[in-house]
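Asks: Structure file structure_11.cif (mmCIF, C-alpha atoms and all ligand atoms) right here:
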data_query
#
loop_
_atom_site.label_atom_id
_atom_site.label_comp_id
_atom_site.auth_asym_id
_atom_site.auth_seq_id
_atom_site.Cartn_x
_atom_site.Cartn_y
_atom_site.Cartn_z
CA MET A 1 7.31 29.05 16.87
CA PRO A 2 8.50 25.55 17.76
CA ASP A 3 11.86 24.37 16.54
CA LEU A 4 11.07 21.88 13.79
CA SER A 5 14.62 20.95 12.90
CA VAL A 6 15.32 17.26 13.13
CA ASN A 7 18.61 15.39 13.15
CA GLN A 8 18.01 11.71 13.67
CA SER A 9 19.00 8.29 12.51
CA CYS A 10 16.13 6.29 11.09
CA SER A 11 15.50 2.67 10.30
CA CYS A 12 12.85 0.26 9.13
CA PRO A 13 11.43 -2.09 11.79
CA CYS A 14 13.90 -4.91 11.00
CA GLY A 15 16.94 -2.59 11.03
CA GLN A 16 18.19 -3.54 7.56
CA SER A 17 17.31 -0.21 5.90
CA THR A 18 18.89 2.71 7.71
CA PHE A 19 19.18 6.37 6.78
CA THR A 20 19.51 9.76 8.42
CA VAL A 21 17.25 12.79 8.38
CA SER A 22 18.76 16.19 9.04
CA GLY A 23 16.62 19.21 8.27
CA VAL A 24 13.41 21.03 9.05
CA ALA A 25 10.20 19.01 9.22
CA ILE A 26 7.67 20.42 6.77
CA SER A 27 4.56 18.72 8.04
CA ARG A 28 3.23 15.63 9.68
CA PHE A 29 -0.06 14.00 8.85
CA LEU A 30 -2.01 10.81 9.30
CA CYS A 31 -2.99 9.21 5.99
CA HIS A 32 -5.96 6.89 5.77
CA CYS A 33 -5.68 6.11 2.04
CA GLN A 34 -6.05 2.50 0.92
CA ILE A 35 -2.51 2.24 -0.41
CA CYS A 36 -1.09 3.34 2.94
CA GLN A 37 -3.41 0.90 4.70
CA SER A 38 -2.12 -1.96 2.58
CA ILE A 39 1.61 -1.21 2.65
CA TYR A 40 1.68 -0.08 6.29
CA LYS A 41 -0.71 -2.88 7.32
CA GLN A 42 -2.32 -0.41 9.71
CA PRO A 43 -5.57 1.63 9.70
CA PHE A 44 -3.56 4.74 8.79
CA ALA A 45 0.02 5.88 8.26
CA ASP A 46 1.77 8.49 10.42
CA ILE A 47 4.08 10.38 8.04
CA THR A 48 6.47 13.30 8.53
CA THR A 49 7.60 15.18 5.44
CA PHE A 50 10.91 16.86 4.64
CA TRP A 51 12.62 18.24 1.56
CA SER A 52 14.39 15.27 0.02
CA GLY A 53 17.77 16.96 0.57
CA SER A 54 17.26 16.38 4.31
CA VAL A 55 17.30 12.62 3.82
CA SER A 56 20.59 10.77 3.35
CA LEU A 57 20.41 7.18 2.19
CA PRO A 58 23.55 5.05 2.50
CA GLU A 59 25.27 4.37 -0.82
CA GLU A 60 24.48 0.70 -0.58
CA HIS A 61 20.92 0.25 0.58
CA SER A 62 18.29 -2.40 0.07
CA ILE A 63 15.33 -0.07 -0.34
CA GLN A 64 13.06 -0.92 -3.25
CA PHE A 65 11.27 2.03 -4.83
CA ASN A 66 7.90 1.35 -6.42
CA ARG A 67 5.19 3.49 -7.91
CA TYR A 68 1.56 2.86 -7.06
CA ARG A 69 -1.52 4.18 -8.77
CA LEU A 70 -1.86 7.18 -6.47
CA PRO A 71 -0.33 9.60 -6.25
CA PRO A 72 1.57 8.83 -9.48
CA ALA A 73 4.51 11.14 -8.68
CA LEU A 74 5.28 9.29 -5.46
CA ARG A 75 7.93 6.57 -5.34
CA ARG A 76 7.37 4.50 -2.23
CA GLY A 77 10.50 2.89 -0.84
CA THR A 78 10.11 -0.32 1.12
CA CYS A 79 12.71 -2.53 2.80
CA ALA A 80 13.76 -5.54 0.72
CA THR A 81 14.05 -7.60 3.90
CA CYS A 82 10.98 -6.75 6.02
CA ASP A 83 8.83 -5.13 3.31
CA ALA A 84 7.95 -2.20 5.58
CA PRO A 85 7.82 1.37 4.20
CA VAL A 86 11.17 3.14 4.62
CA VAL A 87 10.89 6.47 2.81
CA GLY A 88 8.80 7.84 -0.07
CA LEU A 89 9.96 10.44 -2.58
CA LEU A 90 7.44 12.74 -4.25
CA SER A 91 8.50 14.83 -7.25
CA LEU A 92 6.87 18.23 -7.23
CA ALA A 93 8.95 19.74 -10.02
CA PRO A 94 12.35 19.02 -11.58
CA PHE A 95 14.90 18.93 -8.74
CA VAL A 96 12.17 19.52 -6.17
CA GLN A 97 11.28 16.47 -4.16
CA LEU A 98 9.52 15.86 -0.91
CA ALA A 99 10.48 12.95 1.31
CA PHE A 100 7.72 11.11 3.19
CA VAL A 101 9.16 9.37 6.22
CA PRO A 102 7.06 7.06 8.41
CA SER A 103 7.21 8.73 11.82
CA LYS A 104 7.85 5.43 13.58
CA ASN A 105 11.09 4.98 11.59
CA PHE A 106 12.75 7.76 13.60
CA SER A 107 14.94 6.81 16.53
CA ALA A 108 13.20 9.48 18.66
CA PRO A 109 9.68 9.98 17.28
CA ALA A 110 8.69 12.03 20.33
CA ALA A 111 11.00 14.82 19.09
CA LEU A 112 9.01 15.22 15.86
CA PRO A 113 6.39 17.94 15.43
CA SER A 114 2.85 16.84 16.23
CA ALA A 115 0.54 15.78 13.41
CA GLY A 116 -1.49 18.48 11.67
CA ALA A 117 -4.40 16.57 10.18
CA HIS A 118 -5.96 13.27 9.20
CA ILE A 119 -6.12 13.02 5.40
CA PHE A 120 -8.04 10.66 3.12
CA TYR A 121 -10.30 10.29 6.17
CA HIS A 122 -13.17 9.13 3.92
CA ARG A 123 -11.16 5.90 3.48
CA ARG A 124 -10.86 5.28 7.22
CA VAL A 125 -11.43 1.81 8.54
CA CYS A 126 -12.11 3.18 12.02
CA ASP A 127 -13.10 6.52 13.47
CA VAL A 128 -10.41 8.46 15.29
CA HIS A 129 -11.44 10.55 18.27
CA ASP A 130 -8.98 13.39 18.57
CA SER A 131 -9.04 17.13 18.03
CA LEU A 132 -7.11 17.08 14.74
CA ARG A 133 -8.70 18.20 11.50
CA LYS A 134 -10.27 15.38 9.44
CA VAL A 135 -9.97 15.92 5.69
CA ASN A 136 -12.32 13.89 3.48
CA GLY A 137 -11.98 13.37 -0.26
CA TYR A 138 -9.04 12.92 -2.62
CA TRP A 139 -8.50 16.50 -3.80
CA PRO A 140 -9.19 18.12 -0.41
CA SER A 141 -6.60 15.74 1.08
CA GLU A 142 -4.02 16.59 -1.60
CA LEU A 143 -4.77 20.26 -1.05
CA ALA A 144 -4.31 19.94 2.71
CA VAL A 145 -0.83 18.48 2.18
CA THR A 146 0.02 21.14 -0.41
CA LYS A 147 -1.06 23.87 1.99
CA MET A 148 1.12 22.45 4.77
CA VAL A 149 4.06 22.39 2.33
CA MET A 150 3.41 25.91 1.07
CA GLY A 151 2.95 27.14 4.64
CA SER A 152 6.41 25.84 5.49
CA LEU A 153 7.93 27.91 2.68
CA PHE A 154 6.81 31.12 4.32
CA ARG A 155 7.49 30.20 7.90
ZN ZN A 201 -1.84 7.39 2.08
ZN ZN A 202 13.52 -3.82 7.08
#
Would you mind writing the structure in this file as structure tokens?

Replies:
Amino acid sequence: MPDLSVNQSCSCPCGQSTFTVSGVAISRFLCHCQICQSIYKQPFADITTFWSGSVSLPEEHSIQFNRYRLPPALRRGTCATCDAPVVGLLSLAPFVQLAFVPSKNFSAPAALPSAGAHIFYHRRVCDVHDSLRKVNGYWPSELAVTKMVMGSLFR
């Protein structure tokens, strides 16, 4: 079993929004949904998830949290200066939140676990040729993420 614990400083591309992540990575996936495409300005987003308690934001930060249509429980935090995604917080239940951190925001992305799957692949703007699982459809994609989260609970 690989060691999935992470202790890294993170930052948006412009360096204005900084935070630290210290905890066990739950999963990593590549999301091809249209919202990710528009806010990441890339064909897909590379995201590593943690329990929100693993993420420490500085007391004074300039991260703006917004809700988009999907998924409704997700607050996506973007940098007020460069507009790039910083961290997203997804409420699963009261006091239970997942943090979605763009993998490129880590100071040492190579130390992160490797991605488990492509999700929302039906929304892809280009085919990806790798050996990872490709999950098509909204609910199958949500389910794939849920399974990765549940799997981490029993690891
Ligand atoms: Zn997405
Ligand atoms: Zn920034």

Asks: Pick from A:Phe95, A:Trp139, A:Phe19, A:Tyr68: nearest to ligand ZN 202 (chain A), with all atoms listed in the file counted?

Replies: A:Phe19

Asks: Report the distance between CA of His61 (chain A) and CA of Ile39 (chain A) in Å, rounded to one decimal place.

Replies: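 The value is 19.5 Å.
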
Asks: Please check which protein, DNA or RNA residues sit within 6 Å of ligand ZN 201 (chain A), counting all atoms listed in the file, and write them as a ChimeraX atom specification.

Replies: /A:31-33,35-36

Asks: How would you write, as a VMD selection string, the set of residues no farther than 10 Å from ligand ZN 202 (chain A) when counting all atoms listed in the file?

Replies: chain A and resid 11 to 18 62 to 63 78 to 86

Asks: As a PyMOL selection string, please: the residues near Leu132 (chain A) (cut-off 9 Å, only C-alpha atoms, same-chain neighbours under 5 positions excluded).

Replies: chain A and resi 115-118

Asks: Region 14-50 of chain A near region 98-110 of chain A within 10 Å: what's each residue's closest atom pair and its distance in Å to one decimal, counting only C-alpha atoms, ordered by chain then ascending residue number, as CSV?

Replies:
residue,atom,partner,partner_atom,distance
A:Gly15,CA,A:Asn105,CA,9.6
A:Ser17,CA,A:Asn105,CA,9.9
A:Thr18,CA,A:Asn105,CA,9.0
A:Phe19,CA,A:Phe106,CA,9.5
A:Thr20,CA,A:Phe106,CA,8.7
A:Val21,CA,A:Phe106,CA,8.5
A:Ala25,CA,A:Ala99,CA,10.0
A:Ile26,CA,A:Leu98,CA,9.1
A:Ser27,CA,A:Phe100,CA,9.6
A:Arg28,CA,A:Ser103,CA,8.2
A:Phe29,CA,A:Ser103,CA,9.5
A:Leu30,CA,A:Ser103,CA,9.8
A:Tyr40,CA,A:Pro102,CA,9.2
A:Ala45,CA,A:Pro102,CA,7.1
A:Asp46,CA,A:Ser103,CA,5.6
A:Ile47,CA,A:Pro102,CA,4.5
A:Thr48,CA,A:Val101,CA,5.3
A:Thr49,CA,A:Phe100,CA,4.7
A:Phe50,CA,A:Ala99,CA,5.2

Asks: Which one of A:Gly77, A:Gly137, A:Gly23, A:Gly151 sits closest to Ser52 (chain A) if you count all atoms listed in the file?

Replies: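 The closest residue to Ser52 (chain A) is A:Gly23.
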
Asks: For each of A:Ala111, A:Ala93, A:Leu57, A:Ile119, take the minimum atom-to-atom distance to Gln8 (chain A), counting all atoms listed in the file, then give the residue where this is smallest.

Replies: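 Of the candidates, the smallest distance to Gln8 (chain A) is held by A:Ala111.
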
Asks: Between A:Pro113, A:Ala144, A:Phe65, A:Arg76, which is the closest to Val24 (chain A) once you count only C-alpha atoms?

Replies: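 Nearest candidate to Val24 (chain A) out of A:Pro113, A:Ala144, A:Phe65, A:Arg76: A:Pro113.
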
Asks: In Å to one decimal, how far is CA of Gln97 (chain A) from CA of Gly53 (chain A)?

Replies: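 The value is 8.0 Å.
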
Asks: Do you have the CA of Tyr121 (chain A)-CA of Gly88 (chain A) distance handy?

Replies: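 One can read the CA of Tyr121 (chain A) to CA of Gly88 (chain A) distance as 20.2 Å.
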
Asks: Do you know which residues are at most 9 Å from Leu74 (chain A) counting all atoms listed in the file, after dropping those on the same chain fewer than 6 positions away, and could you put them as JSON, numbers by chain?

Replies: {"A": [66, 67, 68, 88, 89, 90, 91]}

Asks: When distances are computed from only C-alpha atoms, which of A:Tyr138, A:Trp51, A:Phe44, A:Phe154 shows the smallest separation from Cys126 (chain A)?

Replies: A:Phe44

Asks: Enclose region 43-46 of chain A, meaning all of its atoms listed in the file, in a box aligned along x, y and z, pad it by 6 Å on each side, and list the centre and edge lengths in Å to one decimal, as lines of an AutoDock Vina configuration file.

Replies:
center_x = -1.9
center_y = 5.1
center_z = 9.3
size_x = 19.3
size_y = 18.9
size_z = 14.2

Asks: Restricting the calculation to all atoms listed in the file: of A:Ser54, A:Glu60, A:Val125, A:Val87, which residue gets closest to Lys41 (chain A)?

Replies: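 Smallest separation from Lys41 (chain A) among the options: A:Val125.
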
Asks: Missing atoms in region 122-133 of chain A should be modelled up to all heavy atoms and reported as a compact mmCIF listing (two decimals), in the coordinates of the input.

Replies:
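And here's part19.txt as it stands now:
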# COMPACT_ATOMS: atom_id res chain seq x y z
N HIS A 122 -11.99 9.84 4.46
CA HIS A 122 -13.17 9.13 3.92
C HIS A 122 -12.85 7.65 3.70
O HIS A 122 -13.76 6.85 3.54
CB HIS A 122 -13.62 9.78 2.61
CG HIS A 122 -12.57 9.81 1.55
ND1 HIS A 122 -11.38 10.51 1.70
CD2 HIS A 122 -12.50 9.22 0.33
CE1 HIS A 122 -10.65 10.34 0.60
NE2 HIS A 122 -11.31 9.57 -0.24
N ARG A 123 -11.55 7.30 3.67
CA ARG A 123 -11.16 5.90 3.48
C ARG A 123 -10.91 5.19 4.81
O ARG A 123 -10.40 4.07 4.83
CB ARG A 123 -9.86 5.83 2.66
CG ARG A 123 -9.98 6.34 1.25
CD ARG A 123 -10.89 5.43 0.46
NE ARG A 123 -10.76 5.73 -0.97
CZ ARG A 123 -11.65 5.30 -1.87
NH1 ARG A 123 -12.68 4.59 -1.49
NH2 ARG A 123 -11.49 5.58 -3.14
N ARG A 124 -11.23 5.84 5.91
CA ARG A 124 -10.86 5.28 7.22
C ARG A 124 -11.56 3.94 7.45
O ARG A 124 -12.68 3.70 7.00
CB ARG A 124 -11.23 6.26 8.34
CG ARG A 124 -12.74 6.44 8.55
CD ARG A 124 -13.00 7.57 9.52
NE ARG A 124 -14.42 7.80 9.72
CZ ARG A 124 -15.19 8.49 8.89
NH1 ARG A 124 -14.69 9.01 7.79
NH2 ARG A 124 -16.47 8.67 9.16
N VAL A 125 -10.83 3.08 8.14
CA VAL A 125 -11.43 1.81 8.54
C VAL A 125 -11.95 1.90 9.98
O VAL A 125 -12.68 1.04 10.44
CB VAL A 125 -10.44 0.63 8.41
CG1 VAL A 125 -10.13 0.36 6.94
CG2 VAL A 125 -9.15 0.90 9.17
N CYS A 126 -11.54 2.96 10.69
CA CYS A 126 -12.11 3.18 12.02
C CYS A 126 -12.09 4.67 12.30
O CYS A 126 -11.23 5.39 11.81
CB CYS A 126 -11.33 2.41 13.08
SG CYS A 126 -9.58 2.77 13.09
N ASP A 127 -13.05 5.12 13.09
CA ASP A 127 -13.10 6.52 13.47
C ASP A 127 -11.97 6.82 14.45
O ASP A 127 -11.59 5.96 15.25
CB ASP A 127 -14.43 6.85 14.14
CG ASP A 127 -15.57 6.92 13.12
OD1 ASP A 127 -15.26 6.98 11.91
OD2 ASP A 127 -16.73 6.90 13.54
N VAL A 128 -11.44 8.03 14.36
CA VAL A 128 -10.41 8.46 15.29
C VAL A 128 -10.98 9.61 16.10
O VAL A 128 -11.54 10.55 15.54
CB VAL A 128 -9.14 8.92 14.55
CG1 VAL A 128 -8.09 9.36 15.54
CG2 VAL A 128 -8.61 7.80 13.67
N HIS A 129 -10.89 9.50 17.40
CA HIS A 129 -11.44 10.55 18.27
C HIS A 129 -10.31 11.39 18.81
O HIS A 129 -9.71 11.08 19.84
CB HIS A 129 -12.28 9.93 19.39
CG HIS A 129 -13.42 9.12 18.86
ND1 HIS A 129 -14.57 9.70 18.36
CD2 HIS A 129 -13.58 7.79 18.70
CE1 HIS A 129 -15.40 8.75 17.93
NE2 HIS A 129 -14.81 7.59 18.12
N ASP A 130 -9.95 12.42 18.07
CA ASP A 130 -8.98 13.39 18.57
C ASP A 130 -9.39 14.75 18.03
O ASP A 130 -10.37 14.87 17.30
CB ASP A 130 -7.54 12.99 18.17
CG ASP A 130 -7.33 12.95 16.66
OD1 ASP A 130 -8.09 13.60 15.92
OD2 ASP A 130 -6.40 12.26 16.22
N SER A 131 -8.63 15.77 18.40
CA SER A 131 -9.04 17.13 18.03
C SER A 131 -8.44 17.57 16.70
O SER A 131 -8.63 18.70 16.29
CB SER A 131 -8.62 18.10 19.14
OG SER A 131 -7.22 18.01 19.32
N LEU A 132 -7.73 16.68 16.00
CA LEU A 132 -7.11 17.08 14.74
C LEU A 132 -8.16 17.21 13.64
O LEU A 132 -9.21 16.58 13.69
CB LEU A 132 -6.08 16.03 14.31
CG LEU A 132 -4.84 15.87 15.19
CD1 LEU A 132 -3.96 14.77 14.63
CD2 LEU A 132 -4.08 17.18 15.28
N ARG A 133 -7.83 18.01 12.65
CA ARG A 133 -8.70 18.20 11.50
C ARG A 133 -8.83 16.88 10.74
O ARG A 133 -7.85 16.14 10.58
CB ARG A 133 -8.09 19.27 10.58
CG ARG A 133 -9.03 19.93 9.63
CD ARG A 133 -8.51 21.32 9.29
NE ARG A 133 -7.18 21.25 8.68
CZ ARG A 133 -6.98 21.25 7.35
NH1 ARG A 133 -7.99 21.30 6.52
NH2 ARG A 133 -5.75 21.21 6.86
